[in-house]
Amino acid sequence: MRRKVANKIGDLSEKKAKLDEEIQALGARISALQLGQTDRLRTAKASIAKNIVKILRGDLKRQDSFGDPKRVEFSFAKNSITVDDHTYFSASSRVVLKTAFLMGFLSAALADPMFRHPRFLMIDITEDKGMEQERSHNFQRQVIEISATAPVDHQIILATAMPWQNIAPSLFVGKFSTLQQGTLNFLARNEAEH
């Protein structure tokens, strides 16, 4: 009887030791994955910020802090973007900053196959907040250049009422909308019923 109990205790001790080893191995793996995830996030954010800086430097000289920015920081939790610690911008510059962020994010995703981001972007705010035509055209030019040099398939839809005159016709989708002739083609009533 004592021998049976001793063998049982020995077996249980051995199982416990194996479980302890597995727990330690899993703990080390979890720590390594967390560290890798932290590094990955830092790398991704740095790439996005670098792209935003490049787009802002290419903006027309309308906002002092966009002239030669050194650092862009953003927080999804705080819903904020800062440029060299500045957070106040004119209304049209806020639009440029938002669209630069969107393009910077997409550009990072296009360059890095590890990004878990669809290679798709739709922007419909370029004429918000008193955006001047020349500034909108400059942004459109930057978008086209980024798209043209992207190493992977992607799609960018840039809705604008002020298309840049140098956009290749092949890049246009749809026609210019007017009150007399909208962009949607509706079927005549009798055609729709058949």
# chains A, B, ... in the order shown; residues from 1 in each chain; ligands from 1

$ select_by_dssp --residues "stretch 35-107 of chain A" --states "helix (DSSP H, G or I)" --output "ChimeraX atom specification"
/A:35-57,64-67,91-107

$ residues_around --residues "A:Met162" --least-positions-apart "4" --cutoff "8 Å" --atoms "only C-alpha atoms" --output "list in words"
Glu127, Gln133, Ser136 and His137 of chain A

$ write_last_selection --atoms "N, CA and C atoms" --output "mmCIF file, in the first residue's frame"
data_model
loop_
_atom_site.group_PDB
_atom_site.id
_atom_site.type_symbol
_atom_site.label_atom_id
_atom_site.label_comp_id
_atom_site.auth_asym_id
_atom_site.auth_seq_id
_atom_site.Cartn_x
_atom_site.Cartn_y
_atom_site.Cartn_z
ATOM 1 N N GLU A 127 -12.340 69.082 -49.779
ATOM 2 C CA GLU A 127 -12.822 70.447 -49.962
ATOM 3 C C GLU A 127 -13.493 71.006 -48.713
ATOM 4 N N GLN A 133 -8.404 75.807 -53.800
ATOM 5 C CA GLN A 133 -8.242 74.909 -54.936
ATOM 6 C C GLN A 133 -6.783 74.507 -55.137
ATOM 7 N N SER A 136 -5.809 71.890 -52.624
ATOM 8 C CA SER A 136 -6.454 70.617 -52.944
ATOM 9 C C SER A 136 -5.740 69.939 -54.111
ATOM 10 N N HIS A 137 -5.404 70.717 -55.142
ATOM 11 C CA HIS A 137 -4.695 70.151 -56.296
ATOM 12 C C HIS A 137 -3.332 69.602 -55.883
#

$ select_by_dssp --residues "chain A" --states "strand (DSSP E)" --output "list in words"
Val72, Glu73, Phe74, Ser75, Ser80, Ile81, Thr82, Val83, Phe120, Leu121, Met122, Ile123, Gln155, Ile156, Ile157 and Leu158 of chain A

$ residues_around --residues "stretch 163-165 of chain A" --least-positions-apart "4" --cutoff "12 Å" --atoms "only C-alpha atoms" --output "JSON list (two decimals) with N, CA and C atoms, in the first residue's frame"
[["chain", "number", "residue", "atom", "x", "y", "z"],
["A", 126, "THR", "N", -11.61, 66.52, -48.92],
["A", 126, "THR", "CA", -10.57, 67.44, -49.38],
["A", 126, "THR", "C", -11.05, 68.87, -49.59],
["A", 127, "GLU", "N", -12.34, 69.08, -49.78],
["A", 127, "GLU", "CA", -12.82, 70.45, -49.96],
["A", 127, "GLU", "C", -13.49, 71.01, -48.71],
["A", 133, "GLN", "N", -8.40, 75.81, -53.80],
["A", 133, "GLN", "CA", -8.24, 74.91, -54.94],
["A", 133, "GLN", "C", -6.78, 74.51, -55.14],
["A", 134, "GLU", "N", -5.87, 75.44, -55.05],
["A", 134, "GLU", "CA", -4.46, 75.14, -55.28],
["A", 134, "GLU", "C", -3.93, 74.12, -54.26],
["A", 135, "ARG", "N", -4.39, 74.25, -53.03],
["A", 135, "ARG", "CA", -3.95, 73.31, -51.98],
["A", 135, "ARG", "C", -4.56, 71.93, -52.22],
["A", 136, "SER", "N", -5.81, 71.89, -52.62],
["A", 136, "SER", "CA", -6.45, 70.62, -52.94],
["A", 136, "SER", "C", -5.74, 69.94, -54.11],
["A", 137, "HIS", "N", -5.40, 70.72, -55.14],
["A", 137, "HIS", "CA", -4.70, 70.15, -56.30],
["A", 137, "HIS", "C", -3.33, 69.60, -55.88],
["A", 138, "ASN", "N", -2.66, 70.32, -55.02],
["A", 138, "ASN", "CA", -1.35, 69.86, -54.54],
["A", 138, "ASN", "C", -1.48, 68.53, -53.81],
["A", 139, "PHE", "N", -2.52, 68.39, -52.99],
["A", 139, "PHE", "CA", -2.74, 67.13, -52.28],
["A", 139, "PHE", "C", -3.06, 66.01, -53.27],
["A", 140, "GLN", "N", -3.89, 66.29, -54.26],
["A", 140, "GLN", "CA", -4.23, 65.29, -55.27],
["A", 140, "GLN", "C", -2.96, 64.81, -55.99],
["A", 141, "ARG", "N", -2.07, 65.75, -56.30],
["A", 141, "ARG", "CA", -0.81, 65.40, -56.96],
["A", 141, "ARG", "C", 0.00, 64.45, -56.08],
["A", 142, "GLN", "N", 0.07, 64.74, -54.79],
["A", 142, "GLN", "CA", 0.81, 63.88, -53.87],
["A", 142, "GLN", "C", 0.20, 62.48, -53.80],
["A", 143, "VAL", "N", -1.13, 62.42, -53.76],
["A", 143, "VAL", "CA", -1.81, 61.13, -53.71],
["A", 143, "VAL", "C", -1.47, 60.31, -54.96],
["A", 144, "ILE", "N", -1.51, 60.95, -56.12],
["A", 144, "ILE", "CA", -1.21, 60.26, -57.38],
["A", 144, "ILE", "C", 0.23, 59.76, -57.39],
["A", 158, "LEU", "N", -10.65, 59.26, -54.32],
["A", 158, "LEU", "CA", -10.54, 60.63, -53.82],
["A", 158, "LEU", "C", -11.68, 61.43, -54.43],
["A", 159, "ALA", "N", -12.72, 61.66, -53.64],
["A", 159, "ALA", "CA", -13.87, 62.40, -54.13],
["A", 159, "ALA", "C", -13.53, 63.89, -54.08],
["A", 169, "PRO", "N", -6.82, 61.15, -67.59],
["A", 169, "PRO", "CA", -8.23, 60.75, -67.74],
["A", 169, "PRO", "C", -8.50, 59.32, -67.30],
["A", 171, "LEU", "N", -7.57, 57.90, -64.74],
["A", 171, "LEU", "CA", -7.73, 57.83, -63.29],
["A", 171, "LEU", "C", -9.11, 58.30, -62.82],
["A", 172, "PHE", "N", -9.85, 58.94, -63.72],
["A", 172, "PHE", "CA", -11.19, 59.42, -63.34],
["A", 172, "PHE", "C", -12.20, 58.28, -63.40],
["A", 173, "VAL", "N", -13.07, 58.27, -62.43],
["A", 173, "VAL", "CA", -14.18, 57.34, -62.42],
["A", 173, "VAL", "C", -15.44, 58.19, -62.31],
["A", 175, "LYS", "N", -18.35, 61.00, -63.90],
["A", 175, "LYS", "CA", -18.31, 62.29, -64.57],
["A", 175, "LYS", "C", -18.53, 63.39, -63.55],
["A", 176, "PHE", "N", -18.30, 64.61, -63.98],
["A", 176, "PHE", "CA", -18.49, 65.76, -63.12],
["A", 176, "PHE", "C", -19.98, 65.95, -62.89],
["A", 177, "SER", "N", -20.35, 66.19, -61.66],
["A", 177, "SER", "CA", -21.77, 66.32, -61.30],
["A", 177, "SER", "C", -22.21, 67.78, -61.37]]

$ residues_around --residues "stretch 98-106 of chain A" --least-positions-apart "5" --cutoff "8 Å" --atoms "only C-alpha atoms" --output "PDB file with N, CA, C and O atoms, in the first residue's frame"
ATOM      1  N   ILE A  48       4.177  55.237 -40.368  1.00  0.00           N
ATOM      2  CA  ILE A  48       3.044  56.119 -40.651  1.00  0.00           C
ATOM      3  C   ILE A  48       3.453  57.576 -40.423  1.00  0.00           C
ATOM      4  O   ILE A  48       3.209  58.442 -41.264  1.00  0.00           O
ATOM      5  N   ALA A  49       4.093  57.848 -39.283  1.00  0.00           N
ATOM      6  CA  ALA A  49       4.505  59.214 -38.955  1.00  0.00           C
ATOM      7  C   ALA A  49       5.473  59.766 -39.995  1.00  0.00           C
ATOM      8  O   ALA A  49       5.364  60.936 -40.400  1.00  0.00           O
ATOM      9  N   LYS A  50       6.413  58.941 -40.445  1.00  0.00           N
ATOM     10  CA  LYS A  50       7.376  59.377 -41.469  1.00  0.00           C
ATOM     11  C   LYS A  50       6.653  59.765 -42.760  1.00  0.00           C
ATOM     12  O   LYS A  50       6.975  60.778 -43.392  1.00  0.00           O
ATOM     13  N   ASN A  51       5.661  58.978 -43.145  1.00  0.00           N
ATOM     14  CA  ASN A  51       4.896  59.283 -44.355  1.00  0.00           C
ATOM     15  C   ASN A  51       4.079  60.568 -44.195  1.00  0.00           C
ATOM     16  O   ASN A  51       3.964  61.353 -45.135  1.00  0.00           O
ATOM     17  N   ILE A  52       3.511  60.771 -43.016  1.00  0.00           N
ATOM     18  CA  ILE A  52       2.747  61.993 -42.768  1.00  0.00           C
ATOM     19  C   ILE A  52       3.665  63.210 -42.878  1.00  0.00           C
ATOM     20  O   ILE A  52       3.309  64.215 -43.514  1.00  0.00           O
ATOM     21  N   ILE A  55       4.296  64.067 -46.468  1.00  0.00           N
ATOM     22  CA  ILE A  55       3.145  64.706 -47.114  1.00  0.00           C
ATOM     23  C   ILE A  55       2.999  66.149 -46.635  1.00  0.00           C
ATOM     24  O   ILE A  55       2.763  67.058 -47.441  1.00  0.00           O
ATOM     25  N   LEU A  56       3.165  66.382 -45.334  1.00  0.00           N
ATOM     26  CA  LEU A  56       3.051  67.747 -44.811  1.00  0.00           C
ATOM     27  C   LEU A  56       4.131  68.658 -45.381  1.00  0.00           C
ATOM     28  O   LEU A  56       3.868  69.822 -45.683  1.00  0.00           O
ATOM     29  N   HIS A 117      -3.932  45.895 -42.874  1.00  0.00           N
ATOM     30  CA  HIS A 117      -4.745  47.046 -43.271  1.00  0.00           C
ATOM     31  C   HIS A 117      -5.131  46.820 -44.726  1.00  0.00           C
ATOM     32  O   HIS A 117      -4.281  46.471 -45.546  1.00  0.00           O
ATOM     33  N   ARG A 119      -5.675  47.467 -48.489  1.00  0.00           N
ATOM     34  CA  ARG A 119      -4.990  48.386 -49.413  1.00  0.00           C
ATOM     35  C   ARG A 119      -6.051  49.189 -50.158  1.00  0.00           C
ATOM     36  O   ARG A 119      -6.144  49.183 -51.377  1.00  0.00           O
ATOM     37  N   PHE A 120      -6.871  49.878 -49.390  1.00  0.00           N
ATOM     38  CA  PHE A 120      -7.983  50.647 -49.932  1.00  0.00           C
ATOM     39  C   PHE A 120      -8.166  51.901 -49.084  1.00  0.00           C
ATOM     40  O   PHE A 120      -8.055  51.864 -47.868  1.00  0.00           O
ATOM     41  N   LEU A 121      -8.435  53.012 -49.754  1.00  0.00           N
ATOM     42  CA  LEU A 121      -8.686  54.264 -49.042  1.00  0.00           C
ATOM     43  C   LEU A 121      -9.696  55.084 -49.819  1.00  0.00           C
ATOM     44  O   LEU A 121      -9.606  55.197 -51.042  1.00  0.00           O
ATOM     45  N   ILE A 123     -11.343  58.945 -49.595  1.00  0.00           N
ATOM     46  CA  ILE A 123     -11.291  60.261 -48.948  1.00  0.00           C
ATOM     47  C   ILE A 123     -12.339  61.152 -49.600  1.00  0.00           C
ATOM     48  O   ILE A 123     -12.356  61.314 -50.814  1.00  0.00           O
ATOM     49  N   ILE A 125     -13.097  64.416 -48.025  1.00  0.00           N
ATOM     50  CA  ILE A 125     -13.093  65.621 -47.201  1.00  0.00           C
ATOM     51  C   ILE A 125     -12.134  66.681 -47.720  1.00  0.00           C
ATOM     52  O   ILE A 125     -11.877  67.664 -47.040  1.00  0.00           O
ATOM     53  N   THR A 126     -11.612  66.518 -48.921  1.00  0.00           N
ATOM     54  CA  THR A 126     -10.568  67.442 -49.376  1.00  0.00           C
ATOM     55  C   THR A 126     -11.054  68.868 -49.592  1.00  0.00           C
ATOM     56  O   THR A 126     -10.248  69.782 -49.590  1.00  0.00           O
ATOM     57  N   VAL A 143      -1.133  62.419 -53.758  1.00  0.00           N
ATOM     58  CA  VAL A 143      -1.814  61.127 -53.714  1.00  0.00           C
ATOM     59  C   VAL A 143      -1.468  60.310 -54.959  1.00  0.00           C
ATOM     60  O   VAL A 143      -1.158  59.117 -54.875  1.00  0.00           O
TER      61      VAL A 143
END

$ atom_distance --atom1 "atom CA of A:Lys45" --atom2 "atom CA of A:Asp85"
16.3 Å

$ closest_residue --among "A:Val72, A:Leu41, A:Ala32, A:Val5" --to "A:Arg116" --atoms "only C-alpha atoms"
A:Leu41

$ closest_residue --among "A:Lys129, A:Lys78, A:Arg62, A:Lys70" --to "A:Ser92" --atoms "only C-alpha atoms"
A:Lys129

$ closest_residue --among "A:Ala25, A:Ala91, A:Val96, A:Leu35" --to "A:Arg57" --atoms "only C-alpha atoms"
A:Val96

$ decode --residues "stretch 87-99 of chain A" --atoms "all heavy atoms" --output "short mmCIF file (atom, residue, chain, number, x, y, z; two decimals), in the first residue's frame"
data_model
loop_
_atom_site.label_atom_id
_atom_site.label_comp_id
_atom_site.auth_asym_id
_atom_site.auth_seq_id
_atom_site.Cartn_x
_atom_site.Cartn_y
_atom_site.Cartn_z
N THR A 87 -1.00 71.33 -31.59
CA THR A 87 -2.30 70.68 -31.74
C THR A 87 -3.34 71.61 -32.35
O THR A 87 -4.42 71.16 -32.71
CB THR A 87 -2.83 70.18 -30.39
OG1 THR A 87 -2.89 71.29 -29.48
CG2 THR A 87 -1.95 69.09 -29.81
N TYR A 88 -3.02 72.90 -32.46
CA TYR A 88 -3.98 73.84 -33.03
C TYR A 88 -3.58 74.17 -34.46
O TYR A 88 -2.44 74.56 -34.73
CB TYR A 88 -4.07 75.14 -32.21
CG TYR A 88 -5.06 76.10 -32.83
CD1 TYR A 88 -6.43 75.90 -32.67
CD2 TYR A 88 -4.62 77.14 -33.63
CE1 TYR A 88 -7.34 76.75 -33.29
CE2 TYR A 88 -5.52 77.99 -34.24
CZ TYR A 88 -6.88 77.78 -34.06
OH TYR A 88 -7.78 78.61 -34.68
N PHE A 89 -4.52 74.02 -35.38
CA PHE A 89 -4.28 74.31 -36.79
C PHE A 89 -5.51 75.00 -37.35
O PHE A 89 -6.62 74.86 -36.83
CB PHE A 89 -4.03 73.01 -37.57
CG PHE A 89 -2.98 72.14 -36.96
CD1 PHE A 89 -3.35 71.03 -36.20
CD2 PHE A 89 -1.64 72.41 -37.11
CE1 PHE A 89 -2.40 70.23 -35.61
CE2 PHE A 89 -0.68 71.62 -36.53
CZ PHE A 89 -1.06 70.51 -35.78
N SER A 90 -5.33 75.73 -38.44
CA SER A 90 -6.49 76.33 -39.11
C SER A 90 -7.40 75.20 -39.60
O SER A 90 -6.99 74.04 -39.69
CB SER A 90 -6.03 77.18 -40.30
OG SER A 90 -5.53 76.35 -41.33
N ALA A 91 -8.63 75.56 -39.92
CA ALA A 91 -9.61 74.55 -40.35
C ALA A 91 -9.12 73.80 -41.58
O ALA A 91 -9.17 72.56 -41.63
CB ALA A 91 -10.96 75.20 -40.61
N SER A 92 -8.63 74.52 -42.58
CA SER A 92 -8.17 73.84 -43.80
C SER A 92 -6.92 73.01 -43.52
O SER A 92 -6.74 71.94 -44.11
CB SER A 92 -7.93 74.84 -44.92
OG SER A 92 -6.93 75.78 -44.57
N SER A 93 -6.08 73.46 -42.60
CA SER A 93 -4.89 72.68 -42.26
C SER A 93 -5.25 71.41 -41.50
O SER A 93 -4.57 70.39 -41.61
CB SER A 93 -3.90 73.52 -41.45
OG SER A 93 -3.34 74.53 -42.26
N ARG A 94 -6.34 71.45 -40.72
CA ARG A 94 -6.81 70.23 -40.06
C ARG A 94 -7.25 69.20 -41.11
O ARG A 94 -7.02 68.00 -40.95
CB ARG A 94 -7.95 70.53 -39.09
CG ARG A 94 -7.48 71.11 -37.77
CD ARG A 94 -8.53 71.07 -36.68
NE ARG A 94 -9.80 71.68 -37.04
CZ ARG A 94 -10.11 72.96 -36.88
NH1 ARG A 94 -9.22 73.78 -36.36
NH2 ARG A 94 -11.29 73.42 -37.22
N VAL A 95 -7.88 69.69 -42.18
CA VAL A 95 -8.27 68.78 -43.26
C VAL A 95 -7.02 68.18 -43.91
O VAL A 95 -6.95 66.97 -44.15
CB VAL A 95 -9.13 69.51 -44.32
CG1 VAL A 95 -9.35 68.63 -45.55
CG2 VAL A 95 -10.46 69.94 -43.72
N VAL A 96 -6.03 69.00 -44.17
CA VAL A 96 -4.77 68.50 -44.75
C VAL A 96 -4.15 67.48 -43.81
O VAL A 96 -3.70 66.41 -44.26
CB VAL A 96 -3.79 69.66 -45.05
CG1 VAL A 96 -2.41 69.13 -45.39
CG2 VAL A 96 -4.32 70.54 -46.17
N LEU A 97 -4.12 67.76 -42.53
CA LEU A 97 -3.52 66.85 -41.57
C LEU A 97 -4.27 65.52 -41.52
O LEU A 97 -3.67 64.45 -41.51
CB LEU A 97 -3.46 67.49 -40.18
CG LEU A 97 -2.76 66.69 -39.09
CD1 LEU A 97 -1.32 66.36 -39.49
CD2 LEU A 97 -2.78 67.48 -37.78
N LYS A 98 -5.60 65.57 -41.50
CA LYS A 98 -6.41 64.34 -41.50
C LYS A 98 -6.15 63.51 -42.75
O LYS A 98 -5.98 62.29 -42.68
CB LYS A 98 -7.90 64.66 -41.42
CG LYS A 98 -8.42 64.99 -40.07
CD LYS A 98 -9.93 65.19 -40.19
CE LYS A 98 -10.53 65.81 -38.96
NZ LYS A 98 -11.96 66.06 -39.11
N THR A 99 -6.17 64.17 -43.90
CA THR A 99 -5.96 63.42 -45.14
C THR A 99 -4.51 62.94 -45.26
O THR A 99 -4.27 61.86 -45.78
CB THR A 99 -6.37 64.27 -46.36
OG1 THR A 99 -5.68 65.52 -46.33
CG2 THR A 99 -7.86 64.51 -46.40
#
